[in-house]
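Chemist: Okay, handing you the structure first.
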Amino acid sequence: MAQTMELRSNGEAGRTATGKISIIMFSGTADKFIPLGVITQAAAAMGMDVNVFVTGFALQGFAKQPRDLPFPVEFTSMAPALMQAMKAARVQPWDAMLRQAKELGAKVYACSMMADVMGMKKDDFGDLVDDVVGAATFLQAAEGGQTLCTG
Amino acid sequence: MAQTMELRSNGEAGRTATGKISIIMFSGTADKFIPLGVITQAAAAMGMDVNVFVTGFALQGFAKQPRDLPFPVEFTSMAPALMQAMKAARVQPWDAMLRQAKELGAKVYACSMMADVMGMKKDDFGDLVDDVVGAATFLQAAEGGQTLCTG
Amino acid sequence: MAQTMELRSNGEAGRTATGKISIIMFSGTADKFIPLGVITQAAAAMGMDVNVFVTGFALQGFAKQPRDLPFPVEFTSMAPALMQAMKAARVQPWDAMLRQAKELGAKVYACSMMADVMGMKKDDFGDLVDDVVGAATFLQAAEGGQTLCTG
């Protein structure tokens with residue numbers, strides 16, 4: 001499967017893009033974290049500015065002691081085979097991909113309002129979270145770029 | 001907790017942003033309505049143009065006689081504590097936040113096709129809905145700005 | 001109901017928009033495919049460039065032998081009536097709408113990484129899929145436009 005990965009990078013290598021991409025994460029199901037990792041890593045590797053704003057149930061995935069993220073119930077029967085296939089294909093876990101994105105400059109912000117509501121302070125988040133900020137701060141950082149909601 | 005709110009607004013006050021943000025709402029689960037309220041209110045308060053296009057199961061949240069919005073089943077066990085914590089933190093309900101956004105100029109449109117399908121006419125919607133329009137009308141209003149889908 | 005459709009097109013006809021709209025599909029529930037069809041068809045008909053990037057569980061909806069797409073469990077009780085009402089209102093199925101968008105120039109890409117993971121090759125996808133590409137290729141195609149995630 002290392003070959004698969006190489007073929008993939010062959011097609012992808014050397015691509016660049018300008019601009020800014022900002023991602024709002026609020027769903028806490030596991031399937032949303034995989035594209036978060038893939039998109040942030042690809043965008044940061046291409047040279048884009050990347051901002052992530054984490055809120056709602058998604059905050060739990062960024063806690064220092066993260067809970068296991070549930071798969072959407074509609075797909076739980078398929079989840080174990082999918083996770084095994086991702087391992088076999090040497091796809092990195094979402095947090096490793098996001099960490100690489102951060103090494104390339106991506107920033108991750110936790111929503112201050114929902115953190116307050118959930119009783120979480122900056123220290124309760126793992127090292128993936130750069131800061132705890134409000135929605136207005138994030139919207140200002142996102143200004144003039146593309147903004148995605150992963151739902 | 002009023003203090004928490006004040007700290008939050010201290011960090012957020014005076015922030016401005018230009019441009020246009022458009023939000024497509026089609027999921028009908030309760031967790032999607034909270035960020036809808038937060039983002040529209042923050043964006044409108046910063047001076048941005050805000051358009052919301054409501055379709056699919058989300059239309060039910062805007063009915064004159066709204067149904068109770070279900071939480072995603074993966075998180076129902078956590079929902080009561082979360083709702084109570086939001087109340088304790090004096091976080092406004094999503095519709096109050098959206099109403100404030102509307103006072104600052106935000107517009108809310110219901111999707112005419114799905115309203116037809118669900119047998120809903122303009123009169124069946126509450127006062128949050130400004131008009132019932134088609135997807136093309138919304139896309140034209142969204143042109144040149146950022147567009148989010150809350151899933 | 002043909003009248004309804006006509007009224008709708010009357011309001012919508014002749015609208016144009018410039019620019020590019022890119023849509024990331026990763027959720028595999030049926031309710032996400034309806035707005036995919038509506039938005040791509042409306043945007044393509046208005047003259048916009050449209051790119052769709054399909055990944056995660058959504059890939060199954062594009063297989064040559066597609067599985068039945070599940071509705072979100074929170075809304076399964078409402079799904080049969082909704083589907084019947086859509087038929088009665090002569091709303092086209094999502095794939096017919098997407099096909100029309102493609103005739104107007106829209107492009108659909110399957111995510112190469114998730115296709116690998118799921119053991120799907122180009123031949124395993126139906127004719128809606130133009131190519132199997134990586135995330136970086138898609139982000140480059142999306143550059144400078146609006147990008148939506150349908151969750």
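Naming works like this for the structure tokens: A, B, ... for the chains as they're shown, residue 1 at the start of each chain, ligands 1 onward in shown order.
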Set the distance at 9 Å and use only C-alpha atoms: which residues neighbour Ala85 of chain B once local chain neighbours fewer than 5 positions away are removed? I'd like the list as a list in words.

Modeler: Asp116, Val117, Met118 and Gly119 of chain A; Pro80, Arg90 and Val91 of chain B

Chemist: Save out the residues we just selected, C-alpha atoms, as a PDB file, in the first residue's frame.

Modeler:
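Output contents, as saved in out.pdb:
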```
ATOM      1  CA  ASP A 116     -17.270  28.179  28.653  1.00  0.00           C
ATOM      2  CA  VAL A 117     -20.539  26.264  28.393  1.00  0.00           C
ATOM      3  CA  MET A 118     -18.726  22.922  28.557  1.00  0.00           C
ATOM      4  CA  GLY A 119     -16.555  24.125  31.445  1.00  0.00           C
TER       5      GLY A 119
ATOM      6  CA  PRO B  80     -29.717  17.800  28.527  1.00  0.00           C
ATOM      7  CA  ARG B  90     -26.891  32.870  29.737  1.00  0.00           C
ATOM      8  CA  VAL B  91     -26.274  31.914  26.141  1.00  0.00           C
TER       9      VAL B  91
END
```

Chemist: What's around segment 13-30 of chain A at 6 Å? Count only C-alpha atoms, leave out sequence neighbours fewer than 4 positions away in its own chain, and write the answer as number ranges by chain.

Modeler: A: 9, 46, 48-58, 69-71, 142, 145-151; C: 140

Chemist: Could you write out the selected residues, including N, CA and C atoms, as a PDB file, in the first residue's frame?

Modeler:
```pdb
ATOM      1  N   SER A   9       0.875  10.699  -4.053  1.00  0.00           N
ATOM      2  CA  SER A   9       1.659  11.921  -3.944  1.00  0.00           C
ATOM      3  C   SER A   9       2.227  12.336  -5.303  1.00  0.00           C
ATOM      4  N   MET A  46       0.055  23.123   0.256  1.00  0.00           N
ATOM      5  CA  MET A  46       0.013  23.891  -0.986  1.00  0.00           C
ATOM      6  C   MET A  46       0.362  25.356  -0.770  1.00  0.00           C
ATOM      7  N   MET A  48      -1.420  27.447   1.400  1.00  0.00           N
ATOM      8  CA  MET A  48      -2.560  28.279   1.781  1.00  0.00           C
ATOM      9  C   MET A  48      -2.523  28.593   3.280  1.00  0.00           C
ATOM     10  N   ASP A  49      -3.110  29.726   3.649  1.00  0.00           N
ATOM     11  CA  ASP A  49      -3.350  30.024   5.060  1.00  0.00           C
ATOM     12  C   ASP A  49      -4.526  29.178   5.525  1.00  0.00           C
ATOM     13  N   VAL A  50      -4.395  28.517   6.645  1.00  0.00           N
ATOM     14  CA  VAL A  50      -5.451  27.635   7.128  1.00  0.00           C
ATOM     15  C   VAL A  50      -5.820  27.984   8.565  1.00  0.00           C
ATOM     16  N   ASN A  51      -7.111  28.239   8.798  1.00  0.00           N
ATOM     17  CA  ASN A  51      -7.636  28.478  10.146  1.00  0.00           C
ATOM     18  C   ASN A  51      -8.740  27.482  10.437  1.00  0.00           C
ATOM     19  N   VAL A  52      -8.720  26.896  11.622  1.00  0.00           N
ATOM     20  CA  VAL A  52      -9.787  25.977  12.022  1.00  0.00           C
ATOM     21  C   VAL A  52     -10.446  26.533  13.277  1.00  0.00           C
ATOM     22  N   PHE A  53     -11.775  26.548  13.285  1.00  0.00           N
ATOM     23  CA  PHE A  53     -12.538  27.015  14.452  1.00  0.00           C
ATOM     24  C   PHE A  53     -13.374  25.839  14.936  1.00  0.00           C
ATOM     25  N   VAL A  54     -13.115  25.387  16.156  1.00  0.00           N
ATOM     26  CA  VAL A  54     -13.766  24.188  16.677  1.00  0.00           C
ATOM     27  C   VAL A  54     -14.836  24.582  17.683  1.00  0.00           C
ATOM     28  N   THR A  55     -16.027  24.059  17.526  1.00  0.00           N
ATOM     29  CA  THR A  55     -17.096  24.400  18.462  1.00  0.00           C
ATOM     30  C   THR A  55     -18.018  23.195  18.662  1.00  0.00           C
ATOM     31  N   GLY A  56     -19.053  23.358  19.461  1.00  0.00           N
ATOM     32  CA  GLY A  56     -20.027  22.290  19.675  1.00  0.00           C
ATOM     33  C   GLY A  56     -19.382  20.990  20.142  1.00  0.00           C
ATOM     34  N   PHE A  57     -20.000  19.888  19.757  1.00  0.00           N
ATOM     35  CA  PHE A  57     -19.527  18.577  20.196  1.00  0.00           C
ATOM     36  C   PHE A  57     -18.120  18.271  19.676  1.00  0.00           C
ATOM     37  N   ALA A  58     -17.680  18.950  18.619  1.00  0.00           N
ATOM     38  CA  ALA A  58     -16.342  18.706  18.072  1.00  0.00           C
ATOM     39  C   ALA A  58     -15.244  19.069  19.065  1.00  0.00           C
ATOM     40  N   LEU A  69     -14.526   9.316  19.582  1.00  0.00           N
ATOM     41  CA  LEU A  69     -15.513   9.966  18.739  1.00  0.00           C
ATOM     42  C   LEU A  69     -16.432   8.917  18.122  1.00  0.00           C
ATOM     43  N   PRO A  70     -17.741   9.103  18.256  1.00  0.00           N
ATOM     44  CA  PRO A  70     -18.665   8.119  17.671  1.00  0.00           C
ATOM     45  C   PRO A  70     -18.769   8.289  16.157  1.00  0.00           C
ATOM     46  N   PHE A  71     -18.994   7.175  15.445  1.00  0.00           N
ATOM     47  CA  PHE A  71     -19.343   7.267  14.028  1.00  0.00           C
ATOM     48  C   PHE A  71     -20.840   7.568  13.915  1.00  0.00           C
ATOM     49  N   ALA A 142     -10.978  34.833   9.113  1.00  0.00           N
ATOM     50  CA  ALA A 142     -11.436  34.155   7.894  1.00  0.00           C
ATOM     51  C   ALA A 142     -11.741  35.125   6.755  1.00  0.00           C
ATOM     52  N   GLY A 145     -11.364  35.034   2.596  1.00  0.00           N
ATOM     53  CA  GLY A 145     -10.979  33.708   2.106  1.00  0.00           C
ATOM     54  C   GLY A 145     -12.194  32.840   1.879  1.00  0.00           C
ATOM     55  N   GLN A 146     -11.942  31.543   1.716  1.00  0.00           N
ATOM     56  CA  GLN A 146     -13.033  30.579   1.636  1.00  0.00           C
ATOM     57  C   GLN A 146     -13.287  30.041   3.040  1.00  0.00           C
ATOM     58  N   THR A 147     -14.544  29.847   3.402  1.00  0.00           N
ATOM     59  CA  THR A 147     -14.850  29.261   4.702  1.00  0.00           C
ATOM     60  C   THR A 147     -15.734  28.036   4.516  1.00  0.00           C
ATOM     61  N   LEU A 148     -15.308  26.936   5.096  1.00  0.00           N
ATOM     62  CA  LEU A 148     -16.067  25.680   5.041  1.00  0.00           C
ATOM     63  C   LEU A 148     -16.641  25.365   6.407  1.00  0.00           C
ATOM     64  N   CYS A 149     -17.803  24.748   6.422  1.00  0.00           N
ATOM     65  CA  CYS A 149     -18.330  24.134   7.630  1.00  0.00           C
ATOM     66  C   CYS A 149     -18.307  22.635   7.378  1.00  0.00           C
ATOM     67  N   THR A 150     -17.685  21.862   8.243  1.00  0.00           N
ATOM     68  CA  THR A 150     -17.717  20.426   7.986  1.00  0.00           C
ATOM     69  C   THR A 150     -18.977  19.809   8.564  1.00  0.00           C
ATOM     70  N   GLY A 151     -19.859  20.641   9.139  1.00  0.00           N
ATOM     71  CA  GLY A 151     -21.121  20.123   9.679  1.00  0.00           C
ATOM     72  C   GLY A 151     -20.888  19.483  11.018  1.00  0.00           C
TER      73      GLY A 151
ATOM     74  N   GLN C 140      -7.017  23.052  -5.679  1.00  0.00           N
ATOM     75  CA  GLN C 140      -6.510  23.938  -6.713  1.00  0.00           C
ATOM     76  C   GLN C 140      -7.639  24.321  -7.687  1.00  0.00           C
TER      77      GLN C 140
END
```

Chemist: Using DSSP secondary structure from the backbone, list all strand (DSSP E) positions within segment 26-150 of chain C, as a list of chain:residue names.

Modeler: C:Asp49, C:Val50, C:Asn51, C:Val52, C:Phe53, C:Val54, C:Lys107, C:Val108, C:Tyr109, C:Ala110, C:Cys111, C:Asp131, C:Val132, C:Val133, C:Gln146, C:Thr147, C:Leu148, C:Cys149

Chemist: Store the residues picked out above in a file with all heavy atoms, as a compact mmCIF listing (two decimals), in the first residue's frame.

Modeler:
```txt
# COMPACT_ATOMS: atom_id res chain seq x y z
N ASP C 49 -19.10 28.13 -12.74
CA ASP C 49 -18.27 26.93 -12.76
C ASP C 49 -18.58 26.10 -11.53
O ASP C 49 -18.61 26.64 -10.42
CB ASP C 49 -16.78 27.30 -12.70
CG ASP C 49 -16.27 27.83 -14.03
OD1 ASP C 49 -16.88 27.51 -15.06
OD2 ASP C 49 -15.27 28.56 -14.02
N VAL C 50 -18.81 24.82 -11.70
CA VAL C 50 -19.20 23.98 -10.57
C VAL C 50 -18.28 22.76 -10.49
O VAL C 50 -18.11 22.02 -11.47
CB VAL C 50 -20.66 23.50 -10.70
CG1 VAL C 50 -21.05 22.61 -9.51
CG2 VAL C 50 -21.62 24.68 -10.81
N ASN C 51 -17.66 22.56 -9.33
CA ASN C 51 -16.84 21.38 -9.06
C ASN C 51 -17.38 20.66 -7.83
O ASN C 51 -17.68 21.31 -6.83
CB ASN C 51 -15.39 21.78 -8.71
CG ASN C 51 -14.69 22.42 -9.86
OD1 ASN C 51 -14.58 21.84 -10.93
ND2 ASN C 51 -14.19 23.64 -9.66
N VAL C 52 -17.47 19.35 -7.91
CA VAL C 52 -17.91 18.56 -6.75
C VAL C 52 -16.80 17.57 -6.41
O VAL C 52 -16.24 16.93 -7.30
CB VAL C 52 -19.22 17.79 -7.06
CG1 VAL C 52 -19.68 16.99 -5.85
CG2 VAL C 52 -20.32 18.77 -7.50
N PHE C 53 -16.48 17.48 -5.12
CA PHE C 53 -15.46 16.55 -4.65
C PHE C 53 -16.16 15.60 -3.68
O PHE C 53 -16.66 16.02 -2.65
CB PHE C 53 -14.34 17.32 -3.94
CG PHE C 53 -13.16 16.49 -3.53
CD1 PHE C 53 -12.35 15.85 -4.48
CD2 PHE C 53 -12.80 16.37 -2.19
CE1 PHE C 53 -11.24 15.11 -4.10
CE2 PHE C 53 -11.68 15.64 -1.80
CZ PHE C 53 -10.89 15.01 -2.76
N VAL C 54 -16.18 14.31 -4.03
CA VAL C 54 -16.93 13.33 -3.24
C VAL C 54 -15.95 12.48 -2.43
O VAL C 54 -14.99 11.95 -2.98
CB VAL C 54 -17.76 12.41 -4.15
CG1 VAL C 54 -18.63 11.48 -3.31
CG2 VAL C 54 -18.59 13.22 -5.12
N LYS C 107 -18.30 19.52 -12.96
CA LYS C 107 -17.40 18.37 -12.88
C LYS C 107 -17.52 17.71 -11.52
O LYS C 107 -17.69 18.39 -10.50
CB LYS C 107 -15.94 18.83 -13.07
CG LYS C 107 -15.64 19.44 -14.44
CD LYS C 107 -15.62 18.39 -15.53
CE LYS C 107 -15.43 19.00 -16.91
NZ LYS C 107 -15.81 18.05 -17.97
N VAL C 108 -17.44 16.37 -11.52
CA VAL C 108 -17.53 15.60 -10.28
C VAL C 108 -16.26 14.76 -10.12
O VAL C 108 -15.91 13.98 -11.02
CB VAL C 108 -18.77 14.68 -10.28
CG1 VAL C 108 -18.83 13.85 -9.00
CG2 VAL C 108 -20.05 15.50 -10.46
N TYR C 109 -15.60 14.92 -8.99
CA TYR C 109 -14.37 14.19 -8.71
C TYR C 109 -14.54 13.32 -7.47
O TYR C 109 -15.08 13.76 -6.46
CB TYR C 109 -13.22 15.16 -8.49
CG TYR C 109 -13.00 16.10 -9.65
CD1 TYR C 109 -13.38 17.44 -9.58
CD2 TYR C 109 -12.44 15.64 -10.83
CE1 TYR C 109 -13.19 18.30 -10.65
CE2 TYR C 109 -12.25 16.50 -11.92
CZ TYR C 109 -12.63 17.82 -11.83
OH TYR C 109 -12.46 18.66 -12.89
N ALA C 110 -14.05 12.09 -7.55
CA ALA C 110 -14.02 11.23 -6.37
C ALA C 110 -12.64 11.36 -5.72
O ALA C 110 -11.63 11.48 -6.41
CB ALA C 110 -14.29 9.78 -6.76
N CYS C 111 -12.61 11.34 -4.40
CA CYS C 111 -11.37 11.48 -3.63
C CYS C 111 -10.53 10.21 -3.78
O CYS C 111 -10.96 9.12 -3.40
CB CYS C 111 -11.72 11.70 -2.16
SG CYS C 111 -10.33 11.61 -1.03
N ASP C 131 -13.56 11.98 -12.70
CA ASP C 131 -12.21 11.53 -12.45
C ASP C 131 -12.03 11.25 -10.96
O ASP C 131 -12.84 11.67 -10.14
CB ASP C 131 -11.21 12.62 -12.90
CG ASP C 131 -9.86 12.03 -13.28
OD1 ASP C 131 -9.63 10.82 -13.07
OD2 ASP C 131 -9.02 12.79 -13.81
N VAL C 132 -10.94 10.52 -10.67
CA VAL C 132 -10.57 10.24 -9.27
C VAL C 132 -9.29 11.02 -9.00
O VAL C 132 -8.28 10.80 -9.66
CB VAL C 132 -10.34 8.72 -9.07
CG1 VAL C 132 -9.95 8.42 -7.63
CG2 VAL C 132 -11.59 7.94 -9.47
N VAL C 133 -9.37 11.99 -8.08
CA VAL C 133 -8.24 12.90 -7.87
C VAL C 133 -7.97 13.08 -6.38
O VAL C 133 -8.79 12.72 -5.53
CB VAL C 133 -8.48 14.29 -8.52
CG1 VAL C 133 -8.84 14.15 -10.00
CG2 VAL C 133 -9.56 15.06 -7.77
N GLN C 146 -16.08 30.06 -4.25
CA GLN C 146 -16.72 29.69 -2.99
C GLN C 146 -16.66 28.17 -2.85
O GLN C 146 -16.85 27.46 -3.82
CB GLN C 146 -18.19 30.07 -2.99
CG GLN C 146 -18.47 31.54 -3.23
CD GLN C 146 -19.96 31.82 -3.28
OE1 GLN C 146 -20.71 31.41 -2.41
NE2 GLN C 146 -20.39 32.54 -4.29
N THR C 147 -16.41 27.70 -1.64
CA THR C 147 -16.39 26.26 -1.42
C THR C 147 -17.36 25.90 -0.30
O THR C 147 -17.31 26.49 0.77
CB THR C 147 -14.97 25.76 -1.08
OG1 THR C 147 -14.08 26.19 -2.11
CG2 THR C 147 -14.93 24.24 -1.02
N LEU C 148 -18.22 24.96 -0.58
CA LEU C 148 -19.21 24.49 0.41
C LEU C 148 -18.88 23.07 0.82
O LEU C 148 -18.41 22.28 0.01
CB LEU C 148 -20.61 24.42 -0.20
CG LEU C 148 -21.19 25.60 -0.93
CD1 LEU C 148 -22.59 25.25 -1.42
CD2 LEU C 148 -21.25 26.78 0.01
N CYS C 149 -19.14 22.76 2.07
CA CYS C 149 -19.13 21.36 2.52
C CYS C 149 -20.58 21.03 2.82
O CYS C 149 -21.21 21.75 3.59
CB CYS C 149 -18.38 21.23 3.83
SG CYS C 149 -16.73 20.60 3.71
```

Chemist: I need the residues in chain A that are alpha helix (DSSP H) according to DSSP; give them as a ChimeraX atom specification.

Modeler: /A:2-12,30-45,79-88,94-103,112-117,135-142

Chemist: Using only C-alpha atoms, which of C:Thr137, C:Asp130, C:Phe33, C:Asp123 sits nearest Gly61 of chain C?

Modeler: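 Distance minimum relative to Gly61 of chain C lands on C:Phe33.
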
Chemist: Go through B:Ser112, B:Gln92, B:Gln60, B:Gln65 and flag the residue nearest chain A, using only C-alpha atoms for the distances.

Modeler: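 Closest to chain A of all the choices is B:Gln92.
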
Chemist: Mind pulling up the distance from atom CA of Ser77 of chain C to atom CA of Pro72 of chain A?

Modeler: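 Distance between the two atoms: 17.5 Å.
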
Chemist: Just give me the gap between atom CA of Leu98 of chain B and atom CA of Val38 of chain B in Å, one decimal is fine.

Modeler: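 For atom CA of Leu98 of chain B relative to atom CA of Val38 of chain B, the distance reads 7.8 Å.
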